[in-house]
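A.B. asks: My file is structure.cif. It has mmCIF, C-alpha atoms:
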```cif
data_model
#
loop_
_atom_site.label_atom_id
_atom_site.label_comp_id
_atom_site.auth_asym_id
_atom_site.auth_seq_id
_atom_site.Cartn_x
_atom_site.Cartn_y
_atom_site.Cartn_z
CA MET A 1 159.65 -132.47 -156.60
CA LYS A 2 162.19 -135.06 -155.42
CA ASN A 3 159.69 -136.48 -152.91
CA LEU A 4 156.96 -136.57 -155.55
CA THR A 5 159.24 -138.43 -157.95
CA LEU A 6 160.18 -140.92 -155.25
CA PHE A 7 156.51 -141.44 -154.40
CA LEU A 8 155.59 -142.15 -158.01
CA LEU A 9 158.49 -144.59 -158.35
CA ILE A 10 157.46 -146.39 -155.19
CA ILE A 11 153.89 -146.73 -156.42
CA SER A 12 155.10 -148.22 -159.69
CA TYR A 13 157.57 -150.41 -157.77
CA GLY A 14 154.73 -152.42 -156.32
CA GLY A 15 151.93 -151.98 -158.81
CA PHE A 16 153.58 -151.48 -162.16
CA ALA A 17 151.56 -149.49 -164.68
CA GLN A 18 150.56 -150.71 -168.12
CA PRO A 19 150.05 -148.02 -170.81
CA LYS A 20 146.92 -149.82 -172.04
CA VAL A 21 144.77 -151.80 -169.64
CA ASP A 22 143.38 -155.13 -170.81
CA TYR A 23 140.50 -155.68 -168.40
CA SER A 24 139.84 -159.17 -169.74
CA LYS A 25 142.99 -160.34 -167.98
CA SER A 26 141.64 -159.28 -164.58
CA ALA A 27 138.51 -161.47 -164.86
CA ILE A 28 138.43 -164.27 -162.31
CA GLU A 29 136.90 -167.51 -163.58
CA ALA A 30 136.57 -169.93 -160.69
CA SER A 31 134.23 -172.75 -159.69
CA LYS A 32 134.13 -171.54 -156.10
CA SER A 33 135.73 -168.74 -154.10
CA TRP A 34 136.10 -167.51 -150.56
CA ILE A 35 136.97 -163.84 -150.02
CA ASP A 36 138.59 -162.06 -147.07
CA ILE A 37 139.19 -165.09 -144.89
CA ASP A 38 140.93 -164.08 -141.67
CA TYR A 39 143.89 -166.47 -141.55
CA ALA A 40 145.24 -165.05 -138.28
CA GLY A 41 141.96 -164.65 -136.41
CA ASP A 42 142.75 -161.09 -135.34
CA GLY A 43 140.50 -159.08 -137.67
CA ILE A 44 143.18 -156.92 -139.29
CA ILE A 45 143.13 -156.33 -143.03
CA GLY A 46 146.74 -157.44 -143.44
CA HIS A 47 145.69 -160.93 -142.36
CA LYS A 48 143.07 -161.64 -145.01
CA LEU A 49 143.28 -164.09 -147.89
CA ASP A 50 141.17 -165.19 -150.85
CA ILE A 51 140.82 -168.74 -152.18
CA PHE A 52 139.78 -169.59 -155.75
CA LEU A 53 139.21 -173.08 -157.15
CA PRO A 54 139.57 -173.99 -160.84
CA LYS A 55 136.47 -174.46 -162.99
CA GLU A 56 137.85 -177.69 -164.43
CA GLY A 57 139.61 -180.63 -162.86
CA LYS A 58 138.95 -182.87 -159.91
CA ALA A 59 139.21 -181.75 -156.30
CA PRO A 60 141.24 -181.58 -154.18
CA PHE A 61 143.43 -179.14 -156.11
CA PRO A 62 147.16 -178.42 -155.82
CA VAL A 63 147.83 -174.97 -154.39
CA VAL A 64 149.80 -171.90 -155.42
CA ILE A 65 149.98 -168.94 -153.06
CA THR A 66 150.29 -165.55 -154.77
CA ILE A 67 151.90 -162.50 -153.15
CA TYR A 68 151.47 -158.98 -154.53
CA GLY A 69 154.10 -156.32 -155.03
CA SER A 70 153.75 -153.02 -153.22
CA ALA A 71 157.26 -152.15 -152.07
CA TRP A 72 155.99 -153.75 -148.81
CA PHE A 73 153.87 -150.60 -148.30
CA SER A 74 150.43 -152.16 -148.80
CA ASN A 75 148.53 -154.43 -146.44
CA SER A 76 145.53 -154.97 -148.73
CA SER A 77 146.50 -155.61 -152.36
CA LYS A 78 145.86 -159.36 -152.72
CA SER A 79 143.47 -158.80 -155.64
CA THR A 80 146.24 -157.34 -157.83
CA CYS A 81 147.63 -160.84 -158.41
CA PHE A 82 144.79 -161.19 -160.92
CA ASN A 83 145.35 -157.87 -162.69
CA ASP A 84 147.68 -159.10 -165.42
CA GLY A 85 146.67 -162.71 -165.86
CA LEU A 86 148.91 -164.37 -163.27
CA GLY A 87 146.16 -165.72 -161.04
CA GLN A 88 143.82 -166.65 -163.87
CA THR A 89 146.55 -168.58 -165.68
CA LEU A 90 147.08 -170.69 -162.58
CA LEU A 91 143.34 -171.36 -162.29
CA LYS A 92 143.00 -172.34 -165.94
CA ASN A 93 145.76 -174.89 -165.46
CA GLY A 94 144.23 -176.67 -162.50
CA PHE A 95 145.80 -174.89 -159.54
CA ALA A 96 143.83 -173.48 -156.64
CA VAL A 97 144.96 -169.89 -156.06
CA VAL A 98 145.37 -168.51 -152.55
CA SER A 99 145.99 -164.77 -152.75
CA ILE A 100 147.16 -163.29 -149.47
CA ASN A 101 147.54 -159.95 -147.74
CA HIS A 102 150.37 -159.29 -145.31
CA ARG A 103 151.17 -156.48 -142.91
CA SER A 104 152.86 -153.51 -144.53
CA SER A 105 156.24 -152.19 -143.43
CA ARG A 106 154.38 -149.29 -141.84
CA ASP A 107 152.28 -151.72 -139.80
CA ALA A 108 155.33 -153.66 -138.62
CA ILE A 109 158.92 -154.02 -139.75
CA TRP A 110 160.73 -157.18 -140.86
CA PRO A 111 160.30 -160.10 -140.17
CA ALA A 112 156.55 -159.53 -139.65
CA GLN A 113 155.89 -159.99 -143.38
CA ILE A 114 157.37 -163.48 -143.61
CA HIS A 115 155.57 -164.41 -140.38
CA ASP A 116 152.32 -163.51 -142.16
CA VAL A 117 153.17 -165.50 -145.27
CA LYS A 118 153.95 -168.56 -143.19
CA ALA A 119 150.81 -168.11 -141.08
CA ALA A 120 148.76 -168.12 -144.29
CA ILE A 121 150.48 -171.32 -145.45
CA ARG A 122 149.83 -172.99 -142.09
CA PHE A 123 146.18 -171.90 -142.22
CA ILE A 124 145.78 -173.46 -145.66
CA ARG A 125 147.30 -176.74 -144.50
CA GLY A 126 145.15 -176.75 -141.37
CA ASN A 127 141.97 -176.24 -143.40
CA ALA A 128 142.82 -178.04 -146.63
CA SER A 129 139.83 -180.38 -146.56
CA VAL A 130 137.42 -177.50 -145.90
CA PHE A 131 138.50 -175.74 -149.10
CA SER A 132 139.15 -178.81 -151.32
CA LEU A 133 142.89 -178.22 -151.38
CA ASP A 134 145.64 -180.77 -151.92
CA THR A 135 148.57 -179.41 -149.97
CA SER A 136 150.84 -182.29 -150.93
CA PHE A 137 151.91 -179.70 -153.50
CA LEU A 138 152.06 -176.08 -152.38
CA GLY A 139 153.90 -173.55 -154.54
CA ALA A 140 154.38 -169.82 -154.12
CA THR A 141 154.82 -166.98 -156.56
CA GLY A 142 154.95 -163.19 -156.33
CA PHE A 143 156.16 -160.11 -158.13
CA SER A 144 158.47 -157.32 -156.96
CA SER A 145 158.28 -157.17 -153.13
CA GLY A 146 155.95 -160.17 -153.42
CA GLY A 147 158.74 -161.91 -155.30
CA HIS A 148 160.99 -161.20 -152.34
CA LEU A 149 158.45 -162.67 -149.90
CA SER A 150 157.83 -165.73 -152.08
CA THR A 151 161.58 -166.24 -152.28
CA MET A 152 161.92 -165.86 -148.52
CA ALA A 153 159.21 -168.49 -148.01
CA GLY A 154 161.27 -170.83 -150.18
CA VAL A 155 164.74 -170.28 -148.80
CA THR A 156 163.55 -170.46 -145.18
CA SER A 157 161.29 -173.46 -145.73
CA GLY A 158 161.82 -175.75 -142.76
CA LEU A 159 163.96 -173.17 -140.96
CA LYS A 160 162.26 -171.72 -137.88
CA THR A 161 165.08 -169.76 -136.25
CA THR A 162 168.68 -168.93 -137.02
CA THR A 163 171.42 -166.40 -136.32
CA ILE A 164 173.08 -164.19 -138.93
CA ASN A 165 175.90 -161.79 -138.08
CA ASN A 166 175.24 -162.52 -134.40
CA LEU A 167 171.62 -161.37 -134.76
CA PRO A 168 168.97 -164.00 -133.97
CA ILE A 169 165.85 -164.13 -136.11
CA ASP A 170 162.55 -165.96 -135.73
CA LEU A 171 161.48 -166.88 -139.25
CA GLU A 172 158.27 -168.73 -138.37
CA GLY A 173 156.47 -166.45 -135.91
CA ASN A 174 153.34 -167.39 -133.99
CA VAL A 175 150.64 -165.64 -136.03
CA GLY A 176 147.32 -167.49 -136.12
CA LYS A 177 145.95 -170.65 -134.56
CA PHE A 178 147.64 -173.28 -136.74
CA THR A 179 151.18 -173.06 -135.43
CA SER A 180 151.55 -176.85 -135.38
CA GLU A 181 151.12 -177.03 -139.17
CA SER A 182 154.06 -176.94 -141.59
CA SER A 183 154.90 -173.79 -143.56
CA HIS A 184 156.91 -175.77 -146.13
CA VAL A 185 156.66 -174.80 -149.80
CA ASP A 186 157.53 -177.10 -152.69
CA ALA A 187 158.49 -174.71 -155.50
CA ILE A 188 158.93 -170.96 -156.05
CA VAL A 189 158.43 -168.68 -159.04
CA ASP A 190 160.02 -165.29 -158.35
CA TRP A 191 159.11 -162.36 -160.61
CA PHE A 192 161.85 -159.70 -160.33
CA GLY A 193 162.01 -159.67 -156.54
CA PRO A 194 164.81 -157.83 -154.71
CA SER A 195 167.36 -159.85 -152.77
CA ASP A 196 170.53 -158.04 -151.65
CA PHE A 197 169.26 -154.53 -150.87
CA LEU A 198 172.78 -153.18 -150.38
CA LEU A 199 173.66 -153.69 -154.05
CA MET A 200 170.58 -152.16 -155.66
CA ASP A 201 171.93 -148.65 -156.17
CA ALA A 202 175.33 -149.90 -157.32
CA CYS A 203 173.66 -152.14 -159.91
CA GLY A 204 171.63 -149.26 -161.32
CA SER A 205 168.21 -148.00 -160.32
CA SER A 206 166.00 -145.02 -161.12
CA PHE A 207 165.87 -143.96 -157.46
CA SER A 208 167.95 -144.37 -154.31
CA HIS A 209 167.30 -147.54 -152.36
CA ASN A 210 169.95 -146.33 -149.91
CA ASP A 211 167.70 -143.41 -148.94
CA SER A 212 166.42 -143.64 -145.36
CA LYS A 213 162.82 -143.51 -146.63
CA SER A 214 163.21 -146.08 -149.39
CA PRO A 215 161.05 -149.23 -149.37
CA GLU A 216 163.98 -151.36 -148.24
CA SER A 217 165.02 -148.97 -145.46
CA THR A 218 161.42 -148.73 -144.26
CA LEU A 219 161.14 -152.52 -144.22
CA ILE A 220 164.13 -153.07 -141.94
CA GLY A 221 163.58 -149.95 -139.81
CA GLY A 222 166.53 -147.76 -140.83
CA ALA A 223 168.76 -146.69 -143.72
CA ILE A 224 170.04 -149.91 -145.25
CA GLN A 225 173.70 -148.90 -145.58
CA GLU A 226 173.73 -147.96 -141.89
CA ASN A 227 172.06 -151.21 -140.80
CA LYS A 228 173.85 -153.87 -142.81
CA GLU A 229 173.39 -156.58 -140.17
CA LYS A 230 169.61 -156.08 -140.21
CA VAL A 231 169.61 -156.04 -143.99
CA ALA A 232 171.22 -159.49 -144.01
CA LEU A 233 168.22 -160.81 -142.07
CA ALA A 234 165.94 -159.76 -144.95
CA ASN A 235 168.26 -161.02 -147.68
CA PRO A 236 167.09 -164.39 -149.06
CA ILE A 237 170.64 -165.15 -150.19
CA SER A 238 171.55 -165.43 -146.49
CA TYR A 239 169.37 -168.53 -146.15
CA VAL A 240 169.92 -170.53 -149.34
CA SER A 241 171.04 -174.09 -148.66
CA LYS A 242 171.03 -177.50 -150.30
CA ASN A 243 167.57 -178.00 -148.74
CA THR A 244 166.04 -175.02 -150.58
CA PRO A 245 163.15 -176.03 -152.89
CA PRO A 246 163.37 -175.49 -156.68
CA PHE A 247 163.26 -171.96 -158.14
CA LEU A 248 162.26 -170.32 -161.39
CA ILE A 249 163.20 -166.62 -161.61
CA PHE A 250 162.16 -164.01 -164.18
CA HIS A 251 163.76 -160.57 -164.54
CA GLY A 252 163.92 -157.92 -167.26
CA THR A 253 167.12 -156.15 -168.29
CA LYS A 254 165.35 -152.77 -168.35
CA ASP A 255 163.76 -152.99 -164.91
CA PRO A 256 164.18 -149.43 -163.58
CA LEU A 257 163.30 -150.23 -159.98
CA VAL A 258 164.76 -153.62 -159.10
CA PRO A 259 168.00 -154.11 -161.09
CA HIS A 260 168.33 -157.56 -162.66
CA CYS A 261 171.59 -158.12 -160.78
CA GLU A 262 169.35 -158.90 -157.79
CA SER A 263 168.05 -162.05 -159.44
CA GLU A 264 171.49 -162.90 -160.81
CA LYS A 265 173.01 -162.82 -157.32
CA LEU A 266 170.24 -165.01 -155.95
CA TYR A 267 170.62 -167.45 -158.82
CA GLU A 268 174.39 -167.65 -158.28
CA LYS A 269 173.85 -168.70 -154.67
CA LEU A 270 171.16 -171.22 -155.61
CA GLN A 271 173.49 -172.78 -158.15
CA LYS A 272 176.39 -172.80 -155.70
CA GLU A 273 174.29 -174.75 -153.20
CA GLY A 274 173.10 -177.20 -155.85
CA VAL A 275 169.48 -176.06 -155.79
CA LYS A 276 167.48 -176.90 -158.93
CA SER A 277 166.91 -173.46 -160.34
CA GLU A 278 166.52 -171.50 -163.56
CA LEU A 279 166.99 -167.79 -164.25
CA VAL A 280 165.23 -166.21 -167.24
CA ILE A 281 166.69 -162.82 -168.11
CA ILE A 282 164.33 -161.02 -170.49
CA GLU A 283 166.02 -158.57 -172.84
CA GLY A 284 164.22 -155.23 -172.70
CA GLY A 285 161.79 -156.37 -170.02
CA GLY A 286 160.69 -153.81 -167.47
CA HIS A 287 159.22 -153.95 -163.97
CA GLY A 288 156.34 -156.08 -165.17
CA PRO A 289 155.83 -154.99 -168.80
CA GLY A 290 157.36 -157.51 -171.18
CA VAL A 291 157.96 -159.91 -168.30
CA MET A 292 154.57 -160.80 -166.83
CA ILE A 293 153.15 -162.00 -170.14
CA ASP A 294 151.62 -165.23 -171.47
CA LYS A 295 154.91 -166.66 -172.75
CA TYR A 296 156.44 -166.65 -169.29
CA TYR A 297 153.19 -167.60 -167.55
CA THR A 298 153.29 -170.78 -169.66
CA GLN A 299 156.83 -171.44 -168.47
CA MET A 300 155.67 -170.91 -164.87
CA ILE A 301 152.90 -173.49 -165.32
CA GLU A 302 155.28 -176.02 -166.86
CA PHE A 303 157.68 -175.49 -163.95
CA PHE A 304 155.02 -175.97 -161.26
CA LYS A 305 153.59 -179.04 -162.98
CA SER A 306 157.02 -180.63 -163.35
CA LYS A 307 157.71 -180.17 -159.64
CA MET A 308 154.24 -181.40 -158.71
CA LYS A 309 154.88 -184.71 -160.51
CA LYS A 310 158.02 -185.24 -158.46
#
```
Once you've parsed the file, please lay out its structure as structure tokens.

C.D. replies:
Amino acid sequence: MKNLTLFLLIISYGGFAQPKVDYSKSAIEASKSWIDIDYAGDGIIGHKLDIFLPKEGKAPFPVVITIYGSAWFSNSSKSTCFNDGLGQTLLKNGFAVVSINHRSSRDAIWPAQIHDVKAAIRFIRGNASVFSLDTSFLGATGFSSGGHLSTMAGVTSGLKTTTINNLPIDLEGNVGKFTSESSHVDAIVDWFGPSDFLLMDACGSSFSHNDSKSPESTLIGGAIQENKEKVALANPISYVSKNTPPFLIFHGTKDPLVPHCESEKLYEKLQKEGVKSELVIIEGGGHGPGVMIDKYYTQMIEFFKSKMKK
């Protein structure tokens, strides 16, 4: 029973359930689309992306990359970024949407996932003219574990390698054929992504993140409390600096899976380093429900547009 409960929590961790499905929100209205593009050139499903262009506006279009939540367990859930209106809202407001897959934690442990995200960004820059994309503005957004990866793309923007707690880490990787392109991102919208894994149980959660089979432990290749140095390599707070691009963060107070202290800790570090950032704590918001709604989508659009003008 314990394992079943954990499994159900993990499933909801990445793909939160709505009690009533509004299928109209999952419609994709685009002028042109490309599906299952292999951004790494190796044929694996974790290296596919989709591109959608707005129906209105003049090409080339500014770009927002979307990253799904799955507790890092899925390598093929890029389409879920359209399930609750996130992707379609971006399209309706003139942004090209690039929805990406990445390798799961069962395919490869950290930092493979951020290598994939950056490979997808480099691919988009290397092929911008082919797909009518204006990569002079390139934002990223994601929810849950996708929020973590979007955040990591932001805080490590321009940082290829570093050392934390005497452990070296390659943050860029060499996935794909466009390694000479930049993986820089201009702005990040993080929807309730985890940051400091070591604090999640202490802050309150409906299951044990310290468990050796938890999503976080699986991601770094061992129980998190027994591998604190490795955990630091996957903690976006470790990389925040004055060069970090602007952030907008959303988190609900009733999130049962990723406690809102995770976003508060990230925000504290962003503020300390002088990064332009805003944290929206949503009273009663859950792990998606009450948070990923039109009101906050509008705020996301306003944020991206304000950063695009600059």

A.B. asks: Could the residues of segment 76-125 of chain A that have an atom at most 10 Å from segment 53-60 of chain A be listed as CSV, each with its closest atom pair and the distance in Å to one decimal, counting all atoms listed in the file and ordered by chain and ascending residue number?

C.D. replies:
```
residue,atom,partner,partner_atom,distance
A:Gln88,CA,A:Pro54,CA,9.0
A:Leu90,CA,A:Pro54,CA,8.4
A:Leu91,CA,A:Pro54,CA,4.8
A:Lys92,CA,A:Pro54,CA,6.4
A:Asn93,CA,A:Pro54,CA,7.8
A:Gly94,CA,A:Pro54,CA,5.6
A:Phe95,CA,A:Pro54,CA,6.4
A:Ala96,CA,A:Leu53,CA,4.7
A:Val97,CA,A:Leu53,CA,6.7
A:Val98,CA,A:Leu53,CA,8.9
```

A.B. asks: Neighbouring residues of His102 of chain A were defined as those with any atom within 7 Å, considering only C-alpha atoms; residues of the same chain fewer than 4 positions away were excluded. Please report them as a CSV table (one decimal) with C-alpha atoms, in the coordinates of the input.

C.D. replies:
```csv
chain,number,residue,atom,x,y,z
A,46,GLY,CA,146.7,-157.4,-143.4
A,47,HIS,CA,145.7,-160.9,-142.4
A,75,ASN,CA,148.5,-154.4,-146.4
A,113,GLN,CA,155.9,-160.0,-143.4
A,116,ASP,CA,152.3,-163.5,-142.2
A,117,VAL,CA,153.2,-165.5,-145.3
```

A.B. asks: Excluding Ser145 of chain A and any residue of its chain fewer than 2 positions from it, enumerate the residues within 7 Å of it, using all atoms listed in the file, and give them as a PDB file with C-alpha atoms, keeping the file's coordinate frame.

C.D. replies:
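This went into part34.pdb:
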```
ATOM      1  CA  GLY A  14     154.730-152.420-156.320  1.00  0.00           C
ATOM      2  CA  GLY A  69     154.100-156.320-155.030  1.00  0.00           C
ATOM      3  CA  SER A  70     153.750-153.020-153.220  1.00  0.00           C
ATOM      4  CA  ALA A  71     157.260-152.150-152.070  1.00  0.00           C
ATOM      5  CA  TRP A  72     155.990-153.750-148.810  1.00  0.00           C
ATOM      6  CA  PHE A 143     156.160-160.110-158.130  1.00  0.00           C
ATOM      7  CA  GLY A 147     158.740-161.910-155.300  1.00  0.00           C
ATOM      8  CA  HIS A 148     160.990-161.200-152.340  1.00  0.00           C
ATOM      9  CA  LEU A 149     158.450-162.670-149.900  1.00  0.00           C
ATOM     10  CA  GLY A 193     162.010-159.670-156.540  1.00  0.00           C
ATOM     11  CA  PRO A 194     164.810-157.830-154.710  1.00  0.00           C
TER      12      PRO A 194
END
```

A.B. asks: Excluding Lys230 of chain A and any residue of its chain fewer than 3 positions from it, enumerate the residues within 12 Å of it, using all atoms listed in the file, and give them as a list in words.

C.D. replies: Ile109, Trp110, Pro111, Thr163, Ile164, Asn165, Asn166, Leu167, Pro168, Ile169, Asp196, Phe197, Leu198, Glu216, Ser217, Thr218, Leu219, Ile220, Gly221, Gly222, Ala223, Ile224, Gln225, Glu226, Asn227, Leu233, Ala234, Asn235 and Ser238 of chain A

A.B. asks: Would you please work out which residue, of A:Ile35, A:Asp186, A:Gly87, A:Ile114, is nearest to Asn174 of chain A when using only C-alpha atoms?

C.D. replies: A:Ile114

A.B. asks: Any idea what's packed within 10 Å of Gly286 of chain A, counting all atoms listed in the file, ignoring anything in its chain fewer than 3 positions away? Could you give it as a list in words?

C.D. replies: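 That gives Phe16, Phe192, His251, Gly252, Thr253, Lys254, Asp255, Pro256, Leu257, Val258, Pro259, His260, Ile282, Glu283, Pro289, Gly290, Val291 and Met292 of chain A.
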
A.B. asks: Between atom CA of Glu29 of chain A and atom CA of Ile67 of chain A, what distance in Å does the model show, to one decimal?

C.D. replies: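 Separation between atom CA of Glu29 of chain A and atom CA of Ile67 of chain A: 18.9 Å.
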
A.B. asks: Expressed in Å to a single decimal, how great is the separation between atom CA of Leu171 of chain A and atom CA of Lys118 of chain A?

C.D. replies: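 Rounded to one decimal, the two atoms are 8.7 Å apart.
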
A.B. asks: Rank nothing, just name the residue among A:Val155, A:Ala27, A:Leu266, A:Leu86 nearest to Gly142 of chain A, using all atoms listed in the file.

C.D. replies: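 The closest residue to Gly142 of chain A is A:Leu86.
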
A.B. asks: Atom CA of Ser77 of chain A to atom CA of Ser26 of chain A: how many Å, to one decimal?

C.D. replies: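 A separation of 13.7 Å between them.
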
A.B. asks: Which of these residues is nearest to Glu181 of chain A, using all atoms listed in the file: A:Gly43, A:Pro246, A:Gly126, A:Gly139?

C.D. replies: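 Smallest distance to Glu181 of chain A is found for A:Gly126.
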
A.B. asks: Determine the nearest neighbour of Leu270 of chain A from the options A:Phe303, A:Asp294, A:Gly154, A:Glu172, counting all atoms listed in the file.

C.D. replies: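 Ranking A:Phe303, A:Asp294, A:Gly154, A:Glu172 by distance to Leu270 of chain A, first place goes to A:Gly154.
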
A.B. asks: When you count only C-alpha atoms, which of these residues is closest to Lys177 of chain A: A:Ser208, A:Ser105, A:Ser76, A:Asn127?

C.D. replies: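 Closest candidate: A:Asn127.
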
A.B. asks: Determine, counting only C-alpha atoms, which protein, DNA and RNA residues have an atom within 12 Å of an atom of Tyr23 of chain A; residues of the same chain fewer than 6 positions away are not included. Present the result as a JSON list (two decimals) with C-alpha atoms, keeping the file's coordinate frame.

C.D. replies:
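Saved as around-v4.json:
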```json
[["chain", "number", "residue", "atom", "x", "y", "z"],
["A", 82, "PHE", "CA", 144.79, -161.19, -160.92],
["A", 83, "ASN", "CA", 145.35, -157.87, -162.69],
["A", 84, "ASP", "CA", 147.68, -159.10, -165.42],
["A", 85, "GLY", "CA", 146.67, -162.71, -165.86]]
```

A.B. asks: Given the file shown, enumerate the residues that the PyMOL selection byres ((chain A and resi 176) around 10) captures and present them as a list in words.

C.D. replies: Asp38, Tyr39, Ala40, Gly41, Asp42, His47, His115, Asp116, Lys118, Ala119, Ala120, Arg122, Phe123, Gly173, Asn174, Val175, Lys177, Phe178 and Thr179 of chain A
